[in-house]
>>> print(open('run-v6.csv').read())   # CSV, N, CA and C atoms
chain,number,residue,atom,x,y,z
A,130,MET,N,19.1,-12.3,7.9
A,130,MET,CA,19.9,-11.3,8.5
A,130,MET,C,19.0,-10.3,9.2
A,131,THR,N,19.5,-9.8,10.3
A,131,THR,CA,18.7,-8.8,11.0
A,131,THR,C,19.6,-7.6,11.3
A,132,TYR,N,19.1,-6.4,11.0
A,132,TYR,CA,19.8,-5.2,11.3
A,132,TYR,C,19.0,-4.4,12.3
A,133,ILE,N,19.7,-3.7,13.1
A,133,ILE,CA,19.1,-2.7,14.0
A,133,ILE,C,19.6,-1.4,13.4
A,134,LEU,N,18.7,-0.6,12.9
A,134,LEU,CA,19.0,0.7,12.3
A,134,LEU,C,18.7,1.8,13.3
A,135,VAL,N,19.8,2.4,13.9
A,135,VAL,CA,19.7,3.3,14.9
A,135,VAL,C,19.6,4.7,14.3
A,136,GLU,N,18.5,5.4,14.5
A,136,GLU,CA,18.3,6.8,14.0
A,136,GLU,C,17.6,7.6,15.0
A,137,LYS,N,18.2,8.6,15.5
A,137,LYS,CA,17.6,9.5,16.5
A,137,LYS,C,16.9,10.6,15.9
A,138,ARG,N,17.2,11.0,14.6
A,138,ARG,CA,16.5,12.2,14.0
A,138,ARG,C,15.4,11.7,13.1
A,139,ARG,N,14.2,12.0,13.4
A,139,ARG,CA,13.0,11.6,12.7
A,139,ARG,C,13.0,12.3,11.3
A,140,ASP,N,13.6,13.5,11.2
A,140,ASP,CA,13.5,14.2,9.9
A,140,ASP,C,14.3,13.6,8.8
A,141,VAL,N,15.2,12.7,9.1
A,141,VAL,CA,16.0,12.0,8.0
A,141,VAL,C,15.8,10.5,8.0
A,142,GLU,N,14.8,10.1,8.7
A,142,GLU,CA,14.5,8.6,8.9
A,142,GLU,C,14.3,8.0,7.5
A,143,LYS,N,13.4,8.5,6.7
A,143,LYS,CA,13.1,7.9,5.4
A,143,LYS,C,14.3,7.9,4.4
A,144,LYS,N,15.0,9.0,4.5
A,144,LYS,CA,16.2,9.1,3.6
A,144,LYS,C,17.2,8.0,3.9
A,145,ASN,N,17.5,7.9,5.2
A,145,ASN,CA,18.5,6.9,5.6
A,145,ASN,C,17.9,5.5,5.3
A,146,LEU,N,16.7,5.3,5.5
A,146,LEU,CA,16.1,3.9,5.3
A,146,LEU,C,16.2,3.6,3.8
A,147,ARG,N,15.9,4.6,3.0
A,147,ARG,CA,16.0,4.3,1.5
A,147,ARG,C,17.4,4.0,1.1
A,148,ALA,N,18.4,4.7,1.7
A,148,ALA,CA,19.8,4.4,1.4
A,148,ALA,C,20.2,3.0,1.8
A,149,PHE,N,19.7,2.7,3.0
A,149,PHE,CA,20.0,1.3,3.6
A,149,PHE,C,19.4,0.2,2.7
A,150,LEU,N,18.1,0.4,2.3
A,150,LEU,CA,17.4,-0.5,1.4
A,150,LEU,C,18.1,-0.6,0.0
A,151,GLY,N,18.6,0.5,-0.4
A,151,GLY,CA,19.4,0.6,-1.7
A,151,GLY,C,20.6,-0.3,-1.6
A,152,LYS,N,21.2,-0.4,-0.5
A,152,LYS,CA,22.4,-1.3,-0.3
A,152,LYS,C,22.0,-2.7,-0.3
A,153,ILE,N,20.8,-3.0,0.3
A,153,ILE,CA,20.4,-4.4,0.4
A,153,ILE,C,19.9,-4.9,-1.0
A,154,PHE,N,19.1,-4.1,-1.7
A,154,PHE,CA,18.6,-4.4,-3.0
A,154,PHE,C,19.5,-4.1,-4.2
A,155,LYS,N,20.6,-3.4,-3.9
A,155,LYS,CA,21.6,-3.1,-4.9
A,155,LYS,C,21.0,-2.2,-6.0
A,156,LYS,N,20.1,-1.3,-5.6
A,156,LYS,CA,19.5,-0.4,-6.6
A,156,LYS,C,18.9,0.7,-5.8
A,157,GLU,N,18.6,1.8,-6.5
A,157,GLU,CA,18.0,3.0,-5.8
A,157,GLU,C,16.5,2.7,-5.5
A,158,ILE,N,16.2,3.1,-4.3
A,158,ILE,CA,14.8,2.9,-3.8
A,158,ILE,C,14.1,4.3,-3.6
A,159,SER,N,13.0,4.4,-4.2
A,159,SER,CA,12.2,5.7,-4.2
A,159,SER,C,11.3,5.7,-3.0
A,160,MET,N,10.7,6.8,-2.7
A,160,MET,CA,9.7,6.9,-1.6
A,160,MET,C,8.5,6.0,-1.9
A,161,GLU,N,8.2,6.0,-3.2
A,161,GLU,CA,7.0,5.1,-3.6
A,161,GLU,C,7.3,3.7,-3.3
A,162,ASP,N,8.6,3.2,-3.6
A,162,ASP,CA,9.0,1.9,-3.4
A,162,ASP,C,8.8,1.4,-1.9
A,163,LEU,N,9.0,2.3,-1.0
A,163,LEU,CA,8.8,2.0,0.4
A,163,LEU,C,7.4,1.5,0.7
A,164,GLU,N,6.4,2.0,-0.1
A,164,GLU,CA,5.0,1.7,0.2
A,164,GLU,C,4.5,0.6,-0.8
A,165,THR,N,5.1,0.5,-2.0
A,165,THR,CA,4.5,-0.3,-3.0
A,165,THR,C,5.2,-1.5,-3.4
A,166,ASN,N,6.5,-1.6,-3.1
A,166,ASN,CA,7.3,-2.8,-3.4
A,166,ASN,C,6.8,-4.0,-2.7
A,167,PRO,N,6.4,-5.1,-3.4
A,167,PRO,CA,5.8,-6.2,-2.7
A,167,PRO,C,6.8,-7.0,-1.8
A,168,ASP,N,8.1,-6.7,-1.9
A,168,ASP,CA,9.1,-7.4,-1.1
A,168,ASP,C,9.5,-6.5,0.1
A,169,ILE,N,8.9,-5.4,0.3
A,169,ILE,CA,9.1,-4.5,1.5
A,169,ILE,C,7.9,-4.6,2.3
A,170,HIS,N,8.0,-5.1,3.5
A,170,HIS,CA,6.9,-5.2,4.4
A,170,HIS,C,7.1,-4.3,5.6
A,171,ASN,N,6.2,-3.4,5.8
A,171,ASN,CA,6.3,-2.4,6.9
A,171,ASN,C,5.4,-2.7,8.0
A,172,LEU,N,5.9,-2.6,9.2
A,172,LEU,CA,5.1,-2.6,10.4
A,172,LEU,C,5.3,-1.3,11.2
A,173,GLU,N,4.3,-0.5,11.2
A,173,GLU,CA,4.4,0.8,11.8
A,173,GLU,C,3.1,1.1,12.5
A,174,ASN,N,3.2,1.4,13.7
A,174,ASN,CA,2.0,1.7,14.5
A,174,ASN,C,2.1,3.1,15.1
A,175,ILE,N,1.5,4.1,14.4
A,175,ILE,CA,1.6,5.5,14.7
A,175,ILE,C,0.6,5.8,15.8
A,176,GLU,N,-0.5,5.1,15.8
A,176,GLU,CA,-1.6,5.5,16.7
A,176,GLU,C,-1.5,5.0,18.1
A,177,LYS,N,-0.7,3.9,18.3
A,177,LYS,CA,-0.5,3.4,19.7
A,177,LYS,C,0.9,3.6,20.2
A,178,ASN,N,1.1,3.5,21.5
A,178,ASN,CA,2.4,3.6,22.1
A,178,ASN,C,3.2,2.3,22.2
A,179,SER,N,2.5,1.2,21.7
A,179,SER,CA,3.2,0.0,21.7
A,179,SER,C,2.9,-0.9,20.5
A,180,ILE,N,3.7,-1.8,20.2
A,180,ILE,CA,3.5,-2.8,19.1
A,180,ILE,C,3.4,-4.1,19.7
A,181,GLY,N,2.3,-4.8,19.6
A,181,GLY,CA,2.0,-6.0,20.3
A,181,GLY,C,2.3,-7.3,19.5
A,182,ILE,N,2.1,-8.4,20.1
A,182,ILE,CA,2.4,-9.7,19.5
A,182,ILE,C,1.6,-10.0,18.3
A,183,GLU,N,0.3,-9.5,18.3
A,183,GLU,CA,-0.5,-9.8,17.1
A,183,GLU,C,0.0,-9.1,15.8
A,184,GLU,N,0.5,-7.9,16.0
A,184,GLU,CA,1.1,-7.2,14.8
A,184,GLU,C,2.3,-7.9,14.3
A,185,VAL,N,3.1,-8.4,15.3
A,185,VAL,CA,4.4,-9.1,14.9
A,185,VAL,C,4.0,-10.4,14.2
A,186,LYS,N,3.0,-11.1,14.7
A,186,LYS,CA,2.6,-12.4,14.0
A,186,LYS,C,2.1,-12.1,12.6
A,187,GLU,N,1.4,-11.0,12.4
A,187,GLU,CA,0.9,-10.7,11.0
A,187,GLU,C,2.1,-10.4,10.1
A,188,LEU,N,3.1,-9.7,10.6
A,188,LEU,CA,4.3,-9.5,9.8
A,188,LEU,C,5.0,-10.8,9.5
A,189,GLN,N,5.1,-11.7,10.5
A,189,GLN,CA,5.7,-13.0,10.3
A,189,GLN,C,5.0,-13.8,9.2
A,190,LYS,N,3.7,-13.7,9.1
A,190,LYS,CA,3.0,-14.4,8.1
A,190,LYS,C,3.4,-13.9,6.7
A,191,GLU,N,3.6,-12.6,6.6
A,191,GLU,CA,4.0,-12.0,5.3
A,191,GLU,C,5.4,-12.5,4.9
A,192,MET,N,6.2,-12.8,5.9
A,192,MET,CA,7.6,-13.1,5.6
A,192,MET,C,7.9,-14.6,5.3
A,193,ILE,N,6.8,-15.4,5.3
A,193,ILE,CA,7.0,-16.8,5.1
A,193,ILE,C,7.2,-17.1,3.6
A,194,TYR,N,6.8,-16.2,2.7
A,194,TYR,CA,6.9,-16.5,1.3
A,194,TYR,C,8.2,-16.0,0.7
A,195,LYS,N,8.6,-16.5,-0.4
A,195,LYS,CA,9.8,-16.1,-1.1
A,195,LYS,C,9.6,-14.7,-1.7
A,196,PRO,N,10.6,-14.0,-2.0
A,196,PRO,CA,10.5,-12.7,-2.6
A,196,PRO,C,9.8,-12.8,-3.9
A,197,PHE,N,9.1,-11.7,-4.3
A,197,PHE,CA,8.3,-11.7,-5.5
A,197,PHE,C,9.1,-11.1,-6.7
A,198,GLN,N,9.6,-9.9,-6.5
A,198,GLN,CA,10.3,-9.3,-7.6
A,198,GLN,C,11.8,-9.0,-7.3
A,199,GLU,N,12.2,-9.1,-6.1
A,199,GLU,CA,13.6,-8.9,-5.7
A,199,GLU,C,14.3,-10.2,-5.3
A,200,LYS,N,15.6,-10.2,-5.0
A,200,LYS,CA,16.2,-11.4,-4.6
A,200,LYS,C,16.1,-11.6,-3.1
A,201,LYS,N,15.7,-10.5,-2.4
A,201,LYS,CA,15.5,-10.5,-0.9
A,201,LYS,C,14.2,-9.9,-0.6
A,202,GLN,N,13.6,-10.2,0.5
A,202,GLN,CA,12.4,-9.5,1.0
A,202,GLN,C,12.8,-8.9,2.4
A,203,VAL,N,12.2,-7.8,2.7
A,203,VAL,CA,12.6,-7.0,3.8
A,203,VAL,C,11.4,-6.7,4.7
A,204,ALA,N,11.5,-7.0,6.0
A,204,ALA,CA,10.5,-6.6,7.0
A,204,ALA,C,11.1,-5.4,7.8
A,205,ILE,N,10.4,-4.3,7.8
A,205,ILE,CA,10.8,-3.1,8.5
A,205,ILE,C,9.9,-2.9,9.7
A,206,ILE,N,10.4,-2.9,10.9
A,206,ILE,CA,9.6,-2.5,12.0
A,206,ILE,C,10.0,-1.1,12.4
A,207,HIS,N,9.2,-0.1,12.1
A,207,HIS,CA,9.4,1.3,12.4
A,207,HIS,C,9.2,1.4,13.9
A,208,ASP,N,10.0,2.3,14.6
A,208,ASP,CA,9.9,2.5,16.0
A,208,ASP,C,9.8,1.2,16.8
A,209,ALA,N,10.8,0.4,16.5
A,209,ALA,CA,10.8,-1.0,17.1
A,209,ALA,C,11.0,-0.9,18.7
A,210,GLN,N,11.4,0.3,19.2
A,210,GLN,CA,11.4,0.4,20.6
A,210,GLN,C,10.0,0.3,21.2
A,211,LYS,N,9.0,0.4,20.4
A,211,LYS,CA,7.6,0.2,20.9
A,211,LYS,C,7.2,-1.2,21.1
A,212,LEU,N,8.0,-2.2,20.6
A,212,LEU,CA,7.7,-3.6,20.7
A,212,LEU,C,7.6,-4.0,22.2
A,213,THR,N,6.5,-4.6,22.5
A,213,THR,CA,6.3,-5.1,23.9
A,213,THR,C,7.3,-6.3,24.1
A,214,HIS,N,7.6,-6.7,25.3
A,214,HIS,CA,8.5,-7.8,25.6
A,214,HIS,C,8.0,-9.1,25.0
A,215,GLU,N,6.7,-9.3,25.0
A,215,GLU,CA,6.0,-10.4,24.4
A,215,GLU,C,6.2,-10.4,22.9
A,216,ALA,N,6.1,-9.3,22.3
A,216,ALA,CA,6.2,-9.1,20.8
A,216,ALA,C,7.7,-9.4,20.5
A,217,GLN,N,8.6,-8.9,21.3
A,217,GLN,CA,10.0,-9.1,21.0
A,217,GLN,C,10.4,-10.5,21.1
A,218,ASN,N,9.9,-11.2,22.1
A,218,ASN,CA,10.2,-12.7,22.2
A,218,ASN,C,9.6,-13.5,21.0
A,219,SER,N,8.4,-13.1,20.5
A,219,SER,CA,7.8,-13.7,19.4
A,219,SER,C,8.7,-13.4,18.1
A,220,LEU,N,9.1,-12.2,18.0
A,220,LEU,CA,10.0,-11.8,16.9
A,220,LEU,C,11.3,-12.6,16.9
A,221,LEU,N,11.8,-12.8,18.1
A,221,LEU,CA,13.1,-13.5,18.2
A,221,LEU,C,13.1,-14.8,17.6
A,222,LYS,N,12.0,-15.6,17.7
A,222,LYS,CA,11.9,-16.9,17.1
A,222,LYS,C,11.9,-16.7,15.6
A,223,ALA,N,11.3,-15.7,15.0
A,223,ALA,CA,11.3,-15.5,13.6
A,223,ALA,C,12.7,-15.1,13.1
A,224,LEU,N,13.4,-14.3,13.9
A,224,LEU,CA,14.8,-13.9,13.5
A,224,LEU,C,15.7,-15.2,13.5
A,225,GLU,N,15.5,-16.0,14.4
A,225,GLU,CA,16.4,-17.2,14.5
A,225,GLU,C,16.1,-18.2,13.4
A,226,GLU,N,14.9,-18.2,12.9
A,226,GLU,CA,14.5,-19.2,11.9
A,226,GLU,C,14.3,-18.6,10.5
A,227,SER,N,14.8,-17.3,10.3
A,227,SER,CA,14.6,-16.6,9.0
A,227,SER,C,15.4,-17.3,7.9
A,228,LYS,N,14.9,-17.2,6.7
A,228,LYS,CA,15.5,-17.7,5.5
A,228,LYS,C,16.6,-16.8,5.0
A,229,SER,N,17.5,-17.3,4.2
A,229,SER,CA,18.6,-16.5,3.7
A,229,SER,C,18.1,-15.3,2.8
A,230,TYR,N,17.0,-15.4,2.3
A,230,TYR,CA,16.4,-14.3,1.5
A,230,TYR,C,15.6,-13.3,2.3
A,231,SER,N,15.5,-13.5,3.6
A,231,SER,CA,14.7,-12.6,4.4
A,231,SER,C,15.6,-11.7,5.3
A,232,VAL,N,15.3,-10.4,5.2
A,232,VAL,CA,16.0,-9.4,6.0
A,232,VAL,C,15.1,-8.7,6.9
A,233,TYR,N,15.5,-8.5,8.2
A,233,TYR,CA,14.6,-7.8,9.1
A,233,TYR,C,15.4,-6.5,9.5
A,234,ILE,N,14.7,-5.4,9.5
A,234,ILE,CA,15.3,-4.1,9.9
A,234,ILE,C,14.4,-3.6,11.0
A,235,LEU,N,15.1,-3.5,12.2
A,235,LEU,CA,14.4,-2.9,13.4
A,235,LEU,C,14.9,-1.5,13.5
A,236,HIS,N,14.0,-0.5,13.2
A,236,HIS,CA,14.3,0.9,13.2
A,236,HIS,C,14.1,1.4,14.6
A,237,VAL,N,15.1,1.9,15.3
A,237,VAL,CA,15.0,2.3,16.7
A,237,VAL,C,15.7,3.7,16.9
A,238,ASP,N,15.3,4.3,18.0
A,238,ASP,CA,16.1,5.5,18.4
A,238,ASP,C,17.2,5.2,19.3
A,239,ASN,N,17.2,4.0,19.9
A,239,ASN,CA,18.3,3.6,20.8
A,239,ASN,C,18.2,2.0,20.9
A,240,GLU,N,19.3,1.4,20.5
A,240,GLU,CA,19.3,-0.1,20.5
A,240,GLU,C,19.1,-0.7,21.8
A,241,ARG,N,19.4,0.0,22.9
A,241,ARG,CA,19.2,-0.5,24.3
A,241,ARG,C,17.7,-0.7,24.6
A,242,ASN,N,16.8,-0.2,23.8
A,242,ASN,CA,15.4,-0.4,24.0
A,242,ASN,C,14.9,-1.8,23.6
A,243,LEU,N,15.8,-2.6,23.0
A,243,LEU,CA,15.5,-3.9,22.5
A,243,LEU,C,16.1,-4.9,23.5
A,244,LEU,N,15.5,-6.1,23.5
A,244,LEU,CA,16.1,-7.1,24.4
A,244,LEU,C,17.5,-7.5,24.0
A,245,PRO,N,18.4,-7.8,25.0
A,245,PRO,CA,19.7,-8.2,24.6
A,245,PRO,C,19.8,-9.4,23.7
A,246,THR,N,18.8,-10.3,23.8
A,246,THR,CA,18.9,-11.5,22.9
A,246,THR,C,18.6,-11.1,21.4
A,247,ILE,N,17.8,-10.0,21.2
A,247,ILE,CA,17.6,-9.5,19.8
A,247,ILE,C,18.9,-8.8,19.4
A,248,ARG,N,19.5,-8.0,20.2
A,248,ARG,CA,20.7,-7.2,19.9
A,248,ARG,C,21.8,-8.2,19.5
A,249,SER,N,21.9,-9.3,20.3
A,249,SER,CA,23.0,-10.2,20.0
A,249,SER,C,22.9,-11.0,18.7
A,250,ARG,N,21.7,-11.0,18.1
A,250,ARG,CA,21.5,-11.7,16.9
A,250,ARG,C,21.4,-10.7,15.7
A,251,SER,N,21.7,-9.5,15.9
A,251,SER,CA,21.6,-8.4,14.9
A,251,SER,C,22.9,-7.7,14.7
A,252,ARG,N,22.9,-7.1,13.5
A,252,ARG,CA,24.0,-6.2,13.2
A,252,ARG,C,23.5,-4.8,13.4
A,253,ILE,N,24.1,-4.0,14.3
A,253,ILE,CA,23.7,-2.7,14.6
A,253,ILE,C,24.3,-1.7,13.7
A,254,VAL,N,23.5,-0.9,13.0
A,254,VAL,CA,24.0,0.1,12.1
A,254,VAL,C,23.6,1.5,12.6
A,255,TYR,N,24.6,2.3,12.8
A,255,TYR,CA,24.3,3.7,13.3
A,255,TYR,C,24.3,4.6,12.1
A,256,THR,N,23.3,5.5,12.0
A,256,THR,CA,23.3,6.4,10.8
A,256,THR,C,23.9,7.7,11.1
A,257,GLN,N,24.4,7.9,12.2
A,257,GLN,CA,25.0,9.2,12.5
A,257,GLN,C,26.5,9.1,12.4
A,258,PRO,N,27.2,10.2,11.9
A,258,PRO,CA,28.7,10.1,11.8
A,258,PRO,C,29.3,10.0,13.2
A,259,GLY,N,30.5,9.4,13.3
A,259,GLY,CA,31.2,9.3,14.5
A,259,GLY,C,30.9,8.0,15.3
A,260,LYS,N,29.9,7.2,14.8
A,260,LYS,CA,29.6,5.9,15.4
A,260,LYS,C,30.5,4.8,14.7
A,261,SER,N,30.4,3.6,15.3
A,261,SER,CA,31.2,2.5,14.8
A,261,SER,C,30.9,2.1,13.4
A,262,GLU,N,29.8,2.4,12.8
A,262,GLU,CA,29.5,2.0,11.5
A,262,GLU,C,28.4,2.9,10.9
A,263,ASP,N,28.3,3.0,9.6
A,263,ASP,CA,27.2,3.8,9.0
A,263,ASP,C,26.8,3.1,7.8
A,264,ILE,N,25.8,3.6,7.2
A,264,ILE,CA,25.1,3.0,6.0
A,264,ILE,C,26.1,2.9,4.8
A,265,ASP,N,27.0,3.8,4.6
A,265,ASP,CA,27.9,3.8,3.5
A,265,ASP,C,28.9,2.7,3.6
A,266,ASN,N,29.1,2.2,4.8
A,266,ASN,CA,30.1,1.1,5.0
A,266,ASN,C,29.4,-0.3,5.0
A,267,LEU,N,28.1,-0.4,4.8
A,267,LEU,CA,27.4,-1.6,4.8
A,267,LEU,C,27.9,-2.6,3.7
A,268,THR,N,28.2,-3.8,4.1
A,268,THR,CA,28.5,-4.8,3.2
A,268,THR,C,27.8,-6.1,3.6
A,269,ASP,N,27.5,-7.0,2.7
A,269,ASP,CA,26.8,-8.2,3.0
A,269,ASP,C,27.8,-9.2,3.6
>>> encode(input="run-v6.csv", output="structure tokens")
Amino acid sequence: MTYILVEKRRDVEKKNLRAFLGKIFKKEISMEDLETNPDIHNLENIEKNSIGIEEVKELQKEMIYKPFQEKKQVAIIHDAQKLTHEAQNSLLKALEESKSYSVYILHVDNERNLLPTIRSRSRIVYTQPGKSEDIDNLTD
């Protein structure tokens, strides 16, 4: 399953991400869990303005294994709007072939910054009130 988590406010990003992961794992997720849980894989590139195909391929390598301590494993791409078109096309193949225990979360400020083919294969979750869906209404 693939989710596009739309969050425009950087100051609440981690809080909303933890709540979202809590729904997926069906337990509370701490700030420490975001960094140390072996079944949460983060792709974040703060230093560059783009995320390239090589970084996506590294994430895909991490996602080929079964979950270690949870029932699901999660790949989080922070600032997914930074993905190059080449990286998005590479990711698309992984999304189409993902296992039932693999969850991808593309964290963006605007879902329109992703290719239409990725959006069509994803469930878009808005974290702001007044949108069509929010984290509290998430169900599998």
>>> select_by_dssp(input="run-v6.csv", residues="range 160-250 of chain A", states="helix (DSSP H, G or I)", output="MDAnalysis selection string")
chainID A and resid 160:165 182:191 209:211 214:225 240:242 245:249
>>> atom_distance(input="run-v6.csv", atom1="CA of Ser249 in chain A", atom2="atom C of Tyr230 in chain A")
19.4 Å
>>> closest_residue(input="run-v6.csv", among="A:Leu163, A:Glu240, A:Ile175, A:Leu235", to="Tyr132 in chain A", atoms="only N, CA and C atoms")
A:Leu235
>>> closest_residue(input="run-v6.csv", among="A:Ile193, A:Val185, A:Arg252, A:Leu243", to="Ser219 in chain A", atoms="only N, CA and C atoms")
A:Val185
>>> atom_distance(input="run-v6.csv", atom1="atom C of Asp238 in chain A", atom2="atom C of Glu136 in chain A")
4.9 Å
>>> residues_around(input="run-v6.csv", residues="Glu215 in chain A", least_positions_apart="6", cutoff="8 Å", atoms="all atoms listed in the file", output="list in words")
Ile180, Gly181, Ile182, Glu183 and Leu221 of chain A
>>> write_last_selection(input="run-v6.csv", atoms="N, CA and C atoms", output="compact mmCIF listing (two decimals), in the frame of the given file")
# COMPACT_ATOMS: atom_id res chain seq x y z
N ILE A 180 3.70 -1.80 20.20
CA ILE A 180 3.50 -2.80 19.10
C ILE A 180 3.40 -4.10 19.70
N GLY A 181 2.30 -4.80 19.60
CA GLY A 181 2.00 -6.00 20.30
C GLY A 181 2.30 -7.30 19.50
N ILE A 182 2.10 -8.40 20.10
CA ILE A 182 2.40 -9.70 19.50
C ILE A 182 1.60 -10.00 18.30
N GLU A 183 0.30 -9.50 18.30
CA GLU A 183 -0.50 -9.80 17.10
C GLU A 183 0.00 -9.10 15.80
N LEU A 221 11.80 -12.80 18.10
CA LEU A 221 13.10 -13.50 18.20
C LEU A 221 13.10 -14.80 17.60
>>> closest_residue(input="run-v6.csv", among="A:Met130, A:Ile169, A:Met160, A:Leu220", to="Val232 in chain A", atoms="all atoms listed in the file")
A:Met130
>>> residues_around(input="run-v6.csv", residues="Gln210 in chain A", least_positions_apart="2", cutoff="12 Å", atoms="only C-alpha atoms", output="tab-separated table (two decimals) with N, CA and C atoms, in the frame of the given file")
chain	number	residue	atom	x	y	z
A	133	ILE	N	19.70	-3.70	13.10
A	133	ILE	CA	19.10	-2.70	14.00
A	133	ILE	C	19.60	-1.40	13.40
A	134	LEU	N	18.70	-0.60	12.90
A	134	LEU	CA	19.00	0.70	12.30
A	134	LEU	C	18.70	1.80	13.30
A	135	VAL	N	19.80	2.40	13.90
A	135	VAL	CA	19.70	3.30	14.90
A	135	VAL	C	19.60	4.70	14.30
A	136	GLU	N	18.50	5.40	14.50
A	136	GLU	CA	18.30	6.80	14.00
A	136	GLU	C	17.60	7.60	15.00
A	137	LYS	N	18.20	8.60	15.50
A	137	LYS	CA	17.60	9.50	16.50
A	137	LYS	C	16.90	10.60	15.90
A	173	GLU	N	4.30	-0.50	11.20
A	173	GLU	CA	4.40	0.80	11.80
A	173	GLU	C	3.10	1.10	12.50
A	174	ASN	N	3.20	1.40	13.70
A	174	ASN	CA	2.00	1.70	14.50
A	174	ASN	C	2.10	3.10	15.10
A	178	ASN	N	1.10	3.50	21.50
A	178	ASN	CA	2.40	3.60	22.10
A	178	ASN	C	3.20	2.30	22.20
A	179	SER	N	2.50	1.20	21.70
A	179	SER	CA	3.20	0.00	21.70
A	179	SER	C	2.90	-0.90	20.50
A	180	ILE	N	3.70	-1.80	20.20
A	180	ILE	CA	3.50	-2.80	19.10
A	180	ILE	C	3.40	-4.10	19.70
A	181	GLY	N	2.30	-4.80	19.60
A	181	GLY	CA	2.00	-6.00	20.30
A	181	GLY	C	2.30	-7.30	19.50
A	206	ILE	N	10.40	-2.90	10.90
A	206	ILE	CA	9.60	-2.50	12.00
A	206	ILE	C	10.00	-1.10	12.40
A	207	HIS	N	9.20	-0.10	12.10
A	207	HIS	CA	9.40	1.30	12.40
A	207	HIS	C	9.20	1.40	13.90
A	208	ASP	N	10.00	2.30	14.60
A	208	ASP	CA	9.90	2.50	16.00
A	208	ASP	C	9.80	1.20	16.80
A	212	LEU	N	8.00	-2.20	20.60
A	212	LEU	CA	7.70	-3.60	20.70
A	212	LEU	C	7.60	-4.00	22.20
A	213	THR	N	6.50	-4.60	22.50
A	213	THR	CA	6.30	-5.10	23.90
A	213	THR	C	7.30	-6.30	24.10
A	214	HIS	N	7.60	-6.70	25.30
A	214	HIS	CA	8.50	-7.80	25.60
A	214	HIS	C	8.00	-9.10	25.00
A	216	ALA	N	6.10	-9.30	22.30
A	216	ALA	CA	6.20	-9.10	20.80
A	216	ALA	C	7.70	-9.40	20.50
A	217	GLN	N	8.60	-8.90	21.30
A	217	GLN	CA	10.00	-9.10	21.00
A	217	GLN	C	10.40	-10.50	21.10
A	235	LEU	N	15.10	-3.50	12.20
A	235	LEU	CA	14.40	-2.90	13.40
A	235	LEU	C	14.90	-1.50	13.50
A	236	HIS	N	14.00	-0.50	13.20
A	236	HIS	CA	14.30	0.90	13.20
A	236	HIS	C	14.10	1.40	14.60
A	237	VAL	N	15.10	1.90	15.30
A	237	VAL	CA	15.00	2.30	16.70
A	237	VAL	C	15.70	3.70	16.90
A	238	ASP	N	15.30	4.30	18.00
A	238	ASP	CA	16.10	5.50	18.40
A	238	ASP	C	17.20	5.20	19.30
A	239	ASN	N	17.20	4.00	19.90
A	239	ASN	CA	18.30	3.60	20.80
A	239	ASN	C	18.20	2.00	20.90
A	240	GLU	N	19.30	1.40	20.50
A	240	GLU	CA	19.30	-0.10	20.50
A	240	GLU	C	19.10	-0.70	21.80
A	241	ARG	N	19.40	0.00	22.90
A	241	ARG	CA	19.20	-0.50	24.30
A	241	ARG	C	17.70	-0.70	24.60
A	242	ASN	N	16.80	-0.20	23.80
A	242	ASN	CA	15.40	-0.40	24.00
A	242	ASN	C	14.90	-1.80	23.60
A	243	LEU	N	15.80	-2.60	23.00
A	243	LEU	CA	15.50	-3.90	22.50
A	243	LEU	C	16.10	-4.90	23.50
A	244	LEU	N	15.50	-6.10	23.50
A	244	LEU	CA	16.10	-7.10	24.40
A	244	LEU	C	17.50	-7.50	24.00
A	247	ILE	N	17.80	-10.00	21.20
A	247	ILE	CA	17.60	-9.50	19.80
A	247	ILE	C	18.90	-8.80	19.40
>>> closest_residue(input="run-v6.csv", among="A:Lys228, A:Ile234, A:Ala223, A:Pro167", to="Gln198 in chain A", atoms="all atoms listed in the file")
A:Pro167
>>> atom_distance(input="run-v6.csv", atom1="CA of Ile205 in chain A", atom2="CA of Asp168 in chain A")
10.7 Å
>>> residues_near_point(input="run-v6.csv", point="(16.5, -9.5, -3.4)", cutoff="8 Å", atoms="all atoms listed in the file", output="ChimeraX atom specification")
/A:153-155,196-203,230
>>> residues_around(input="run-v6.csv", residues="Glu191 in chain A", least_positions_apart="3", cutoff="9 Å", atoms="only C-alpha atoms", output="list in words")
His170, Lys186, Glu187, Leu188, Tyr194 and Ala204 of chain A
>>> write_last_selection(input="run-v6.csv", atoms="N, CA and C atoms", output="short mmCIF file (atom, residue, chain, number, x, y, z; two decimals), in the frame of the given file")
data_model
loop_
_atom_site.label_atom_id
_atom_site.label_comp_id
_atom_site.auth_asym_id
_atom_site.auth_seq_id
_atom_site.Cartn_x
_atom_site.Cartn_y
_atom_site.Cartn_z
N HIS A 170 8.00 -5.10 3.50
CA HIS A 170 6.90 -5.20 4.40
C HIS A 170 7.10 -4.30 5.60
N LYS A 186 3.00 -11.10 14.70
CA LYS A 186 2.60 -12.40 14.00
C LYS A 186 2.10 -12.10 12.60
N GLU A 187 1.40 -11.00 12.40
CA GLU A 187 0.90 -10.70 11.00
C GLU A 187 2.10 -10.40 10.10
N LEU A 188 3.10 -9.70 10.60
CA LEU A 188 4.30 -9.50 9.80
C LEU A 188 5.00 -10.80 9.50
N TYR A 194 6.80 -16.20 2.70
CA TYR A 194 6.90 -16.50 1.30
C TYR A 194 8.20 -16.00 0.70
N ALA A 204 11.50 -7.00 6.00
CA ALA A 204 10.50 -6.60 7.00
C ALA A 204 11.10 -5.40 7.80
#
